[in-house]
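Student: Contents of work-v4.txt (compact mmCIF, C-alpha atoms and all ligand atoms) are below:
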# COMPACT_ATOMS: atom_id res chain seq x y z
CA PHE A 22 -1.08 21.45 27.98
CA ALA A 23 -2.99 24.16 29.73
CA LYS A 24 -1.26 27.47 30.42
CA ILE A 25 -1.02 26.59 34.11
CA ASP A 26 0.88 23.39 33.25
CA VAL A 27 3.62 25.22 31.40
CA MET A 28 3.99 28.71 32.89
CA GLY A 29 7.32 29.09 34.70
CA LYS A 30 8.56 25.67 33.58
CA ASP A 31 11.73 25.06 31.61
CA LEU A 32 10.66 24.40 28.02
CA VAL A 33 13.70 22.38 27.01
CA ALA A 34 14.00 20.30 30.17
CA GLY A 35 10.30 19.59 30.56
CA PHE A 36 8.78 19.36 27.13
CA ILE A 37 11.38 18.48 24.51
CA THR A 38 12.33 14.86 23.86
CA ASP A 39 15.90 13.91 24.74
CA ASP A 40 17.20 13.68 21.20
CA TYR A 41 16.10 17.26 20.43
CA LYS A 42 17.03 18.91 23.75
CA ALA A 43 20.52 20.03 22.68
CA SER A 44 19.51 21.43 19.32
CA VAL A 45 16.42 23.29 20.56
CA LYS A 46 18.50 24.77 23.40
CA GLU A 47 21.05 25.92 20.86
CA VAL A 48 18.40 27.70 18.79
CA LEU A 49 17.06 29.47 21.89
CA ASP A 50 20.55 30.31 23.24
CA LYS A 51 21.52 31.81 19.91
CA ALA A 52 18.42 33.99 19.97
CA LEU A 53 19.42 35.09 23.50
CA GLN A 54 22.74 36.23 22.10
CA GLY A 55 21.02 38.18 19.36
CA GLU A 56 21.65 35.66 16.60
CA GLU A 57 18.81 34.80 14.25
CA SER A 58 18.52 31.14 13.33
CA ALA A 59 16.62 29.64 10.45
CA ASN A 60 13.30 27.83 10.93
CA TYR A 61 13.80 24.73 12.98
CA GLU A 62 11.69 21.58 12.98
CA PHE A 63 11.18 19.29 15.97
CA PRO A 64 8.48 17.12 17.56
CA LEU A 65 6.51 18.00 20.68
CA TYR A 66 4.26 15.60 22.51
CA THR A 67 0.83 16.53 23.85
CA LYS A 68 -0.27 15.65 27.35
CA THR A 69 -1.92 12.51 25.97
CA GLY A 70 1.24 11.50 24.12
CA ASP A 71 0.28 12.49 20.57
CA ARG A 72 3.09 13.75 18.41
CA VAL A 73 2.88 17.28 17.03
CA ASP A 74 5.52 18.42 14.56
CA VAL A 75 6.46 22.02 15.16
CA LEU A 76 8.27 24.55 13.02
CA LEU A 77 10.01 26.92 15.42
CA ASN A 78 11.20 30.40 14.71
CA SER A 79 12.79 32.37 17.49
CA THR A 80 14.01 35.95 17.76
CA SER A 81 15.53 38.01 20.52
CA ARG A 82 13.29 40.22 22.59
CA ARG A 83 14.81 43.62 23.43
CA ASP A 84 13.89 46.39 25.84
CA ALA A 85 13.67 50.12 25.02
CA TYR A 86 17.46 50.42 25.18
CA GLY A 87 18.11 47.58 22.77
CA GLN A 88 19.22 45.15 25.49
CA ILE A 89 18.24 41.53 25.02
CA ILE A 90 15.80 40.54 27.74
CA GLY A 91 14.46 37.27 26.37
CA VAL A 92 13.46 35.20 23.42
CA VAL A 93 10.19 35.05 21.55
CA GLY A 94 9.57 31.72 19.91
CA VAL A 95 6.74 31.04 17.51
CA GLY A 96 5.90 27.42 16.85
CA GLN A 97 3.73 26.44 13.94
CA ASP A 98 1.92 23.08 13.92
CA ILE A 99 3.04 21.36 10.69
CA THR A 100 1.86 17.82 11.55
CA GLU A 101 -0.71 17.61 8.75
CA ALA A 102 1.62 19.11 6.16
CA LYS A 103 4.31 16.59 7.06
CA LYS A 104 1.87 13.72 6.88
CA SER A 105 0.66 14.59 3.38
CA GLN A 106 4.24 15.12 2.29
CA ALA A 107 5.06 11.60 3.50
CA GLN A 108 2.07 10.26 1.57
CA VAL A 109 3.25 11.91 -1.64
CA VAL A 110 6.70 10.41 -1.18
CA GLN A 111 5.21 6.98 -0.53
CA ALA A 112 2.94 7.21 -3.60
CA SER A 113 5.78 8.19 -5.90
CA LYS A 114 7.99 5.48 -4.44
CA LEU A 115 5.34 2.90 -5.22
CA ALA A 116 4.86 4.29 -8.72
CA THR A 117 8.61 4.03 -9.43
CA LEU A 118 8.75 0.51 -8.07
CA GLY A 119 5.81 -0.34 -10.31
CA GLU A 120 7.56 0.96 -13.39
CA MET A 121 10.68 -0.92 -12.45
CA ALA A 122 8.73 -4.13 -11.97
CA THR A 123 7.23 -3.80 -15.46
CA SER A 124 10.56 -3.46 -17.18
CA VAL A 125 12.15 -6.20 -15.10
CA ALA A 126 9.24 -8.48 -16.02
CA HIS A 127 9.73 -7.70 -19.68
CA GLU A 128 13.48 -8.32 -19.61
CA LEU A 129 13.21 -11.57 -17.66
CA ASN A 130 10.58 -13.14 -19.84
CA GLN A 131 12.85 -13.89 -22.75
CA PRO A 132 15.70 -15.72 -20.95
CA LEU A 133 13.15 -17.55 -18.86
CA ASN A 134 11.42 -18.94 -21.94
CA VAL A 135 14.76 -20.08 -23.32
CA ILE A 136 15.63 -21.87 -20.08
CA ARG A 137 12.25 -23.56 -19.95
CA MET A 138 12.38 -24.72 -23.55
CA ALA A 139 15.96 -25.96 -23.21
CA ALA A 140 15.06 -27.91 -20.09
CA GLY A 141 12.00 -29.40 -21.81
CA ASN A 142 13.98 -30.39 -24.91
CA SER A 143 16.73 -31.98 -22.83
CA ARG A 144 14.14 -33.88 -20.82
CA ARG A 145 12.49 -35.28 -23.94
CA ARG A 146 15.87 -36.26 -25.45
CA ILE A 147 17.03 -38.02 -22.30
CA LYS A 148 13.69 -39.75 -21.85
CA SER A 149 14.02 -41.37 -25.24
CA GLN A 150 17.32 -42.97 -24.18
CA LYS A 151 17.89 -46.03 -22.08
CA SER A 152 17.31 -45.22 -18.46
CA ASN A 153 20.00 -45.61 -15.81
CA LYS A 154 20.66 -43.95 -12.45
CA ASP A 155 22.18 -40.83 -14.02
CA THR A 156 19.41 -40.26 -16.51
CA GLU A 157 16.83 -40.64 -13.72
CA TYR A 158 18.68 -38.00 -11.73
CA ILE A 159 18.96 -35.59 -14.65
CA LEU A 160 15.31 -36.09 -15.57
CA GLU A 161 14.26 -35.24 -12.06
CA LYS A 162 16.37 -32.08 -12.06
CA LEU A 163 15.01 -31.02 -15.45
CA VAL A 164 11.44 -31.41 -14.23
CA ARG A 165 12.42 -29.25 -11.28
CA ILE A 166 13.88 -26.56 -13.56
CA GLU A 167 10.72 -26.54 -15.64
CA GLY A 168 8.54 -26.29 -12.55
CA GLN A 169 10.52 -23.40 -11.15
CA THR A 170 10.61 -21.52 -14.46
CA SER A 171 6.82 -21.91 -14.67
CA ARG A 172 6.51 -20.36 -11.26
CA ALA A 173 8.80 -17.49 -12.25
CA ALA A 174 6.73 -17.01 -15.41
CA ALA A 175 3.57 -16.78 -13.29
CA ILE A 176 5.17 -14.07 -11.18
CA ILE A 177 6.21 -12.19 -14.29
CA ASP A 178 2.70 -12.41 -15.70
CA HIS A 179 1.41 -10.87 -12.53
CA MET A 180 4.01 -8.12 -12.70
CA ARG A 181 3.02 -7.26 -16.22
CA MET A 182 -0.39 -6.14 -14.99
CA PHE A 183 1.47 -2.94 -14.12
CA GLY A 184 2.25 -2.25 -17.74
CA ARG A 185 -1.04 -3.29 -19.24
CA LYS A 186 -2.94 -0.43 -17.68
CA ALA A 187 -2.29 2.24 -20.26
CA GLU A 188 -2.99 0.02 -23.25
CA GLU A 189 -6.68 -0.66 -22.79
CA LYS A 190 -9.41 1.90 -23.03
CA SER A 191 -11.37 2.73 -19.91
CA GLU A 192 -15.08 2.03 -19.85
CA MET A 193 -17.98 2.74 -17.54
CA VAL A 194 -18.11 -0.01 -14.97
CA ASP A 195 -20.79 -0.90 -12.42
CA PRO A 196 -18.91 -1.60 -9.16
CA ARG A 197 -21.58 -4.10 -8.06
CA GLU A 198 -20.99 -6.13 -11.20
CA VAL A 199 -17.24 -6.22 -10.67
CA VAL A 200 -17.55 -7.40 -7.08
CA SER A 201 -20.19 -10.01 -8.05
CA ASN A 202 -17.99 -11.32 -10.87
CA ALA A 203 -15.05 -11.71 -8.52
CA LEU A 204 -17.29 -13.51 -6.05
CA ASP A 205 -18.52 -15.84 -8.80
CA LEU A 206 -14.92 -16.79 -9.47
CA LEU A 207 -13.80 -17.31 -5.90
CA GLY A 208 -17.08 -17.93 -4.07
CA ALA A 209 -17.00 -21.73 -4.23
CA GLN A 210 -13.44 -21.80 -2.95
CA LEU A 211 -14.32 -19.50 -0.05
CA LYS A 212 -17.31 -21.66 0.84
CA LEU A 213 -15.09 -24.72 0.86
CA ALA A 214 -12.73 -22.98 3.24
CA GLY A 215 -15.68 -22.43 5.60
CA ILE A 216 -15.77 -18.68 5.02
CA GLN A 217 -19.08 -16.85 5.11
CA VAL A 218 -19.40 -14.00 2.63
CA VAL A 219 -21.70 -11.10 3.43
CA THR A 220 -22.48 -8.49 0.80
CA ASN A 221 -23.97 -5.04 1.27
CA PHE A 222 -24.67 -3.56 -2.12
CA PRO A 223 -26.85 -0.50 -2.72
CA GLU A 224 -29.91 -0.87 -4.94
CA LYS A 225 -28.87 2.06 -7.06
CA CYS A 226 -25.24 2.70 -7.80
CA SER A 227 -23.33 5.09 -10.06
CA LYS A 228 -20.67 3.84 -12.43
CA VAL A 229 -16.92 4.36 -12.30
CA MET A 230 -14.36 4.60 -15.10
CA GLY A 231 -11.99 1.65 -15.38
CA HIS A 232 -11.29 -1.78 -16.79
CA THR A 233 -13.62 -4.55 -15.63
CA ILE A 234 -10.96 -7.26 -15.71
CA GLN A 235 -8.44 -5.23 -13.78
CA MET A 236 -10.96 -4.19 -11.17
CA GLU A 237 -11.99 -7.80 -10.79
CA GLN A 238 -8.34 -8.63 -10.29
CA VAL A 239 -8.18 -6.13 -7.42
CA ILE A 240 -11.22 -7.63 -5.70
CA LEU A 241 -9.87 -11.14 -6.26
CA ASN A 242 -6.59 -10.13 -4.64
CA LEU A 243 -8.43 -8.74 -1.62
CA LEU A 244 -10.57 -11.87 -1.33
CA ALA A 245 -7.58 -14.19 -1.65
CA ASN A 246 -5.68 -12.25 1.01
CA ALA A 247 -8.68 -12.34 3.35
CA ARG A 248 -8.99 -16.09 2.77
CA ASP A 249 -5.29 -16.60 3.52
CA ALA A 250 -5.54 -14.49 6.69
CA MET A 251 -8.37 -16.68 7.97
CA LYS A 252 -6.70 -20.02 7.33
CA ASP A 253 -6.34 -20.99 10.97
CA ASN A 254 -9.60 -19.51 12.08
CA ILE A 255 -12.21 -21.74 10.53
CA SER A 256 -15.17 -21.05 12.80
CA GLY A 257 -16.59 -17.57 12.45
CA SER A 258 -14.54 -16.72 9.38
CA ARG A 259 -16.34 -13.98 7.51
CA ILE A 260 -15.68 -11.57 4.66
CA THR A 261 -17.93 -8.53 4.39
CA LEU A 262 -18.01 -6.79 1.04
CA SER A 263 -19.70 -3.41 0.98
CA ILE A 264 -20.32 -0.78 -1.62
CA THR A 265 -21.42 2.70 -0.62
CA GLU A 266 -21.83 5.94 -2.50
CA LYS A 267 -21.52 9.41 -1.04
CA ASP A 268 -20.72 12.79 -2.57
CA GLU A 269 -19.95 11.27 -5.97
CA ILE A 270 -17.45 8.84 -4.48
CA ILE A 271 -17.90 5.07 -4.54
CA THR A 272 -16.31 3.14 -1.70
CA ILE A 273 -15.80 -0.58 -2.07
CA SER A 274 -14.62 -2.22 1.12
CA SER A 275 -13.62 -5.72 2.08
CA GLN A 276 -13.25 -6.62 5.70
CA ASP A 277 -12.32 -9.93 7.23
CA THR A 278 -12.02 -11.62 10.59
CA GLY A 279 -8.46 -12.79 10.05
CA GLY A 280 -6.83 -10.99 12.96
CA GLY A 281 -5.60 -7.99 11.00
CA ILE A 282 -2.24 -6.81 9.72
CA PRO A 283 0.60 -6.42 12.23
CA GLU A 284 1.16 -2.68 12.81
CA HIS A 285 4.85 -2.80 11.91
CA ILE A 286 4.17 -4.06 8.38
CA LEU A 287 1.08 -1.94 7.67
CA SER A 288 3.09 0.70 5.81
CA ARG A 289 4.82 -1.92 3.64
CA ILE A 290 2.06 -4.19 2.36
CA PHE A 291 1.53 -2.23 -0.89
CA GLU A 292 5.19 -2.55 -1.86
CA PRO A 293 5.98 -4.94 -4.72
CA PHE A 294 7.34 -8.28 -3.48
CA PHE A 295 6.42 -7.63 0.13
CA THR A 296 4.91 -10.83 1.50
CA THR A 297 4.68 -12.58 4.82
CA LYS A 298 3.49 -15.78 3.21
CA GLU A 299 5.72 -18.82 3.08
CA MET A 300 8.00 -19.49 0.12
CA GLY A 301 6.00 -20.52 -2.89
CA LYS A 302 2.69 -19.19 -1.55
CA GLY A 303 2.75 -15.43 -1.96
CA THR A 304 4.36 -13.32 -4.66
CA GLY A 305 3.93 -10.08 -2.75
CA LEU A 306 2.50 -8.50 -5.88
CA GLY A 307 -1.25 -8.69 -5.29
CA LEU A 308 -1.60 -5.47 -3.35
CA SER A 309 1.00 -3.51 -5.30
CA VAL A 310 -0.72 -4.40 -8.58
CA SER A 311 -4.06 -3.45 -7.02
CA TYR A 312 -2.62 -0.17 -5.82
CA GLY A 313 -1.44 0.67 -9.35
CA ILE A 314 -4.79 -0.21 -10.93
CA ILE A 315 -6.80 1.89 -8.51
CA LEU A 316 -4.39 4.82 -8.76
CA GLU A 317 -4.70 4.73 -12.54
CA MET A 318 -8.47 5.01 -12.12
CA GLY A 319 -8.04 8.19 -10.10
CA GLY A 320 -8.90 6.43 -6.85
CA ALA A 321 -7.17 5.29 -3.71
CA ILE A 322 -6.87 2.09 -1.72
CA ILE A 323 -6.09 1.99 1.96
CA ALA A 324 -5.71 -0.71 4.58
CA GLU A 325 -6.58 -0.49 8.25
CA ASN A 326 -7.14 -2.80 11.16
CA ILE A 327 -10.58 -3.23 12.65
CA THR A 328 -11.68 -5.11 15.76
CA ASP A 329 -11.01 -8.65 14.59
CA GLY A 330 -9.41 -8.30 11.19
CA ALA A 331 -8.27 -6.15 8.31
CA LYS A 332 -10.30 -3.76 6.22
CA PHE A 333 -9.36 -2.59 2.74
CA SER A 334 -11.24 0.38 1.29
CA ILE A 335 -11.15 1.46 -2.32
CA THR A 336 -12.48 4.92 -3.15
CA LEU A 337 -13.25 5.84 -6.73
CA PRO A 338 -14.83 8.91 -8.30
CA THR A 339 -18.17 8.20 -9.96
CA THR A 340 -18.55 9.00 -13.65
CA ASN A 341 -20.96 11.80 -12.66
CA ASN A 342 -18.09 13.32 -10.75
CA ILE A 343 -15.74 13.05 -13.72
CA ILE A 344 -18.32 14.53 -16.10
CA GLN A 345 -18.93 17.42 -13.69
CA LYS A 346 -15.22 18.12 -13.53
CA ILE A 347 -14.93 18.20 -17.31
CA ASP A 348 -17.89 20.61 -17.42
CA LEU A 349 -16.14 22.86 -14.96
CA MET A 350 -13.07 22.89 -17.13
CA GLY A 351 -15.26 24.27 -19.89
CA ILE A 352 -14.76 21.40 -22.33
P1 LIG B 401 0.84 -11.83 -1.15
O1 LIG B 401 -0.61 -12.09 -0.94
O2 LIG B 401 1.39 -12.56 -2.33
O3 LIG B 401 1.68 -11.99 0.08
P2 LIG B 401 0.01 -9.08 -1.30
O4 LIG B 401 0.67 -7.87 -1.92
O5 LIG B 401 -1.37 -9.37 -1.81
O6 LIG B 401 0.98 -10.27 -1.57
O7 LIG B 401 -0.04 -8.91 0.28
C1 LIG B 401 1.11 -8.52 0.98
C2 LIG B 401 1.01 -8.89 2.44
O8 LIG B 401 0.00 -8.10 3.08
C3 LIG B 401 0.61 -10.32 2.76
O9 LIG B 401 1.69 -11.21 2.67
C4 LIG B 401 0.06 -10.19 4.19
O10 LIG B 401 1.12 -10.16 5.12
C5 LIG B 401 -0.55 -8.80 4.19
N1 LIG B 401 -2.02 -8.85 4.04
C6 LIG B 401 -2.72 -8.59 2.91
N2 LIG B 401 -4.05 -8.73 3.12
C7 LIG B 401 -4.21 -9.08 4.40
C8 LIG B 401 -5.36 -9.38 5.25
N3 LIG B 401 -6.61 -9.34 4.77
N4 LIG B 401 -5.12 -9.70 6.55
C9 LIG B 401 -3.85 -9.74 7.03
N5 LIG B 401 -2.74 -9.48 6.30
C10 LIG B 401 -2.91 -9.15 5.01
Can you turn what I pasted into structure tokens?
Ligand code: ADP

Tutor:
Amino acid sequence: FAKIDVMGKDLVAGFITDDYKASVKEVLDKALQGEESANYEFPLYTKTGDRVDVLLNSTSRRDAYGQIIGVVGVGQDITEAKKSQAQVVQASKLATLGEMATSVAHELNQPLNVIRMAAGNSRRRIKSQKSNKDTEYILEKLVRIEGQTSRAAAIIDHMRMFGRKAEEKSEMVDPREVVSNALDLLGAQLKLAGIQVVTNFPEKCSKVMGHTIQMEQVILNLLANARDAMKDNISGSRITLSITEKDEIITISSQDTGGGIPEHILSRIFEPFFTTKEMGKGTGLGLSVSYGIILEMGGAIIAENITDGAKFSITLPTTNNIIQKIDLMGI
């Protein structure tokens, strides 16, 4: 707001949102009575409706005789600080969930194998006996148990990607190679689904530190998600894969024309087990595994919505960057 918009107006009545009116008034009233209050946080909204988080500190203003004649409030804009704090919390939450997923996967594997083997053995034993209505029924159920345990085992396998990270040694990887490999694996399937794939790769490209297989897994996850998002949108379906390099940072991005990610779930898609796909289709682990892999490589992965779809961007430091850093550390 310009000075002219606010001079002479009541701060609390005109500029503070309803749920903070009472508490901000209390802070100011206390200052009017000569009482100091601790720093106080509340949101203000700009003329255009953007939220600004403010840290308010108010003290009494006195005249030459020590009489209180007003309040001086100093508000500090802490929007950025709050945002990065929220990001740190989110990152550590995801890391904890990742660790949990690894140990759950490990613990579940054993009983699952036992169930599957027991079901298989029972099926074979029953099959060798004379068939009647009951044996048919039991056989059918046993096949079902085996099928479902296989599915659970597949989920567990996926979850174990979390734990595998630390075990392998990192190597220098050409990002173009990783993306091409992933395309080799899924390209035919995308073509069949009527999806056009456009690639923008630079002629020269620095390397990054990581594991080829895991990075491929990340790109495969992004491609599979893009494919799934464009299921009902056959004509004009397109995935654009780009690699760019700037200031010793490689950015690999995948954008699709699948309509994007609904705003209300955007902050949740990297959580383990979060899926909007129907039962049996999604495990909700693709993006959380990808997140872990990229984080381990010292990079970041973000999702955003663009005009007609979603865009995922992976940023990774180039090996030149890493070597420079080590040099600076004097090693
Ligand atoms: P899954 O694919 O098994 O559901 P993911 O972790 O890979 O698990 O993805 C989580 C969710 O994120 C998906 O269920 C979907 O709702 C959303 N999502 C991911 N990629 C896209 C995309 N390209 N377009 C729209 N939504 C997406």

Student: Just checking: using all atoms listed in the file, which residue out of A:Cys226, A:His285, A:Arg248, A:Thr265 ends up closest to ligand LIG 401 (chain B)?

Tutor: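 Ranking A:Cys226, A:His285, A:Arg248, A:Thr265 by distance to ligand LIG 401 (chain B), first place goes to A:Arg248.
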
Student: Neighbouring residues of A:Leu49 were defined as those with any atom within 12 Å, considering all atoms listed in the file; residues of the same chain fewer than 3 positions away were excluded. Please report them as a PyMOL selection string.

Tutor: chain A and resi 31-33+42-46+52-61+77-82+91-95

Student: Please, which residues in chain A fall within 9 Å of ligand LIG 401 (chain B) when counting all atoms listed in the file, and what is the closest atom pair and distance in Å to one decimal for each, ordered by chain then residue number, as a tab-separated table?

Tutor:
residue	atom	partner	partner_atom	distance
A:Asn242	CA	B:LIG401	O5	6.0
A:Leu243	CA	B:LIG401	N2	6.5
A:Leu244	CA	B:LIG401	N3	7.7
A:Ala245	CA	B:LIG401	O1	7.3
A:Asn246	CA	B:LIG401	N2	4.4
A:Ala247	CA	B:LIG401	N3	3.9
A:Arg248	CA	B:LIG401	N3	7.4
A:Asp249	CA	B:LIG401	C8	7.4
A:Ala250	CA	B:LIG401	N4	4.8
A:Met251	CA	B:LIG401	N4	7.8
A:Ser275	CA	B:LIG401	N3	8.3
A:Gln276	CA	B:LIG401	N3	7.2
A:Asp277	CA	B:LIG401	N3	6.2
A:Thr278	CA	B:LIG401	N4	8.2
A:Gly279	CA	B:LIG401	N4	5.7
A:Gly280	CA	B:LIG401	C9	6.8
A:Gly281	CA	B:LIG401	C9	4.7
A:Ile282	CA	B:LIG401	C9	4.3
A:Pro283	CA	B:LIG401	N5	7.5
A:Ile286	CA	B:LIG401	O10	7.6
A:Leu287	CA	B:LIG401	O8	7.8
A:Arg289	CA	B:LIG401	O8	7.9
A:Ile290	CA	B:LIG401	O8	4.5
A:Phe291	CA	B:LIG401	O4	5.8
A:Glu292	CA	B:LIG401	O4	7.0
A:Pro293	CA	B:LIG401	O4	6.7
A:Phe294	CA	B:LIG401	O4	6.9
A:Phe295	CA	B:LIG401	C1	5.5
A:Thr296	CA	B:LIG401	O9	3.4
A:Thr297	CA	B:LIG401	O9	3.9
A:Lys298	CA	B:LIG401	O9	4.9
A:Glu299	CA	B:LIG401	O3	8.5
A:Lys302	CA	B:LIG401	O2	6.8
A:Gly303	CA	B:LIG401	O2	3.2
A:Thr304	CA	B:LIG401	O2	3.9
A:Gly305	CA	B:LIG401	O6	3.2
A:Leu306	CA	B:LIG401	O4	4.4
A:Gly307	CA	B:LIG401	O5	3.5
A:Leu308	CA	B:LIG401	O4	3.6
A:Ser309	CA	B:LIG401	O4	5.5
A:Val310	CA	B:LIG401	O4	7.6
A:Ser311	CA	B:LIG401	O4	8.2
A:Ala324	CA	B:LIG401	N2	8.3
A:Asn326	CA	B:LIG401	N4	8.5
A:Gly330	CA	B:LIG401	N4	6.5
A:Ala331	CA	B:LIG401	N3	5.0
A:Lys332	CA	B:LIG401	N3	6.8
A:Phe333	CA	B:LIG401	N3	7.6

Student: Go ahead and write the selection's residues with C-alpha atoms as a tab-separated table (two decimals), keeping the file's coordinate frame.

Tutor:
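Saved file again31.tsv follows:
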chain	number	residue	atom	x	y	z
A	242	ASN	CA	-6.59	-10.13	-4.64
A	243	LEU	CA	-8.43	-8.74	-1.62
A	244	LEU	CA	-10.57	-11.87	-1.33
A	245	ALA	CA	-7.58	-14.19	-1.65
A	246	ASN	CA	-5.68	-12.25	1.01
A	247	ALA	CA	-8.68	-12.34	3.35
A	248	ARG	CA	-8.99	-16.09	2.77
A	249	ASP	CA	-5.29	-16.60	3.52
A	250	ALA	CA	-5.54	-14.49	6.69
A	251	MET	CA	-8.37	-16.68	7.97
A	275	SER	CA	-13.62	-5.72	2.08
A	276	GLN	CA	-13.25	-6.62	5.70
A	277	ASP	CA	-12.32	-9.93	7.23
A	278	THR	CA	-12.02	-11.62	10.59
A	279	GLY	CA	-8.46	-12.79	10.05
A	280	GLY	CA	-6.83	-10.99	12.96
A	281	GLY	CA	-5.60	-7.99	11.00
A	282	ILE	CA	-2.24	-6.81	9.72
A	283	PRO	CA	0.60	-6.42	12.23
A	286	ILE	CA	4.17	-4.06	8.38
A	287	LEU	CA	1.08	-1.94	7.67
A	289	ARG	CA	4.82	-1.92	3.64
A	290	ILE	CA	2.06	-4.19	2.36
A	291	PHE	CA	1.53	-2.23	-0.89
A	292	GLU	CA	5.19	-2.55	-1.86
A	293	PRO	CA	5.98	-4.94	-4.72
A	294	PHE	CA	7.34	-8.28	-3.48
A	295	PHE	CA	6.42	-7.63	0.13
A	296	THR	CA	4.91	-10.83	1.50
A	297	THR	CA	4.68	-12.58	4.82
A	298	LYS	CA	3.49	-15.78	3.21
A	299	GLU	CA	5.72	-18.82	3.08
A	302	LYS	CA	2.69	-19.19	-1.55
A	303	GLY	CA	2.75	-15.43	-1.96
A	304	THR	CA	4.36	-13.32	-4.66
A	305	GLY	CA	3.93	-10.08	-2.75
A	306	LEU	CA	2.50	-8.50	-5.88
A	307	GLY	CA	-1.25	-8.69	-5.29
A	308	LEU	CA	-1.60	-5.47	-3.35
A	309	SER	CA	1.00	-3.51	-5.30
A	310	VAL	CA	-0.72	-4.40	-8.58
A	311	SER	CA	-4.06	-3.45	-7.02
A	324	ALA	CA	-5.71	-0.71	4.58
A	326	ASN	CA	-7.14	-2.80	11.16
A	330	GLY	CA	-9.41	-8.30	11.19
A	331	ALA	CA	-8.27	-6.15	8.31
A	332	LYS	CA	-10.30	-3.76	6.22
A	333	PHE	CA	-9.36	-2.59	2.74

Student: Taking only C-alpha atoms into account, name the residue in A:Leu76, A:Ser143, A:Gly231, A:Thr67 that is nearest to A:Ala23.

Tutor: A:Thr67

Student: A:Ser288, A:Ser227, A:Ser171, A:Asn130: which is nearest A:Arg197, counting only C-alpha atoms?

Tutor: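 That would be A:Ser227, the residue with the smallest distance to A:Arg197.
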
Student: For a quick check of understanding, using only C-alpha atoms, which of A:Arg137, A:Arg259, A:Arg144, A:Lys190 has the smallest distance to A:Gln235?

Tutor: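 So, comparing all the options, the nearest one is A:Lys190.
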
Student: Output as JSON the centre and edge lengths (Å, one decimal) of the box along x, y and z of the file that holds every listed atom of stretch 86-92 of chain A after adding 6 Å on each side.

Tutor:
{"center_x": 16.3, "center_y": 42.8, "center_z": 25.3, "size_x": 17.8, "size_y": 27.2, "size_z": 17.0}

Student: Could you name the residues that touch A:Leu160 at 12 Å or less, counting all atoms listed in the file, but leaving out those on the same chain fewer than 6 positions away, as a PyMOL selection string?

Tutor: chain A and resi 140-150+152-154+166-167

Student: Separation of atom CA of A:Met230 and atom CA of A:Val194, in Å?

Tutor: 5.9 Å

Student: Compile the contact shell of stretch 72-75 of chain A as a list in words: residues with an atom at most 10 Å away, counting only C-alpha atoms, same-chain residues fewer than 3 positions apart removed.

Tutor: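 The residues satisfying every condition are Asn60, Tyr61, Glu62, Phe63, Pro64, Leu65, Tyr66, Thr67, Lys68, Thr69, Asn78, Val95, Gly96, Gln97, Asp98, Ile99, Thr100, Glu101, Ala102, Lys103 and Lys104 of chain A.
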
Student: Rank nothing, just name the residue among A:Arg83, A:Lys267, A:Lys151, A:Lys228 nearest to A:Ser191, using all atoms listed in the file.

Tutor: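 Closest residue, counting all atoms listed in the file: A:Lys228.
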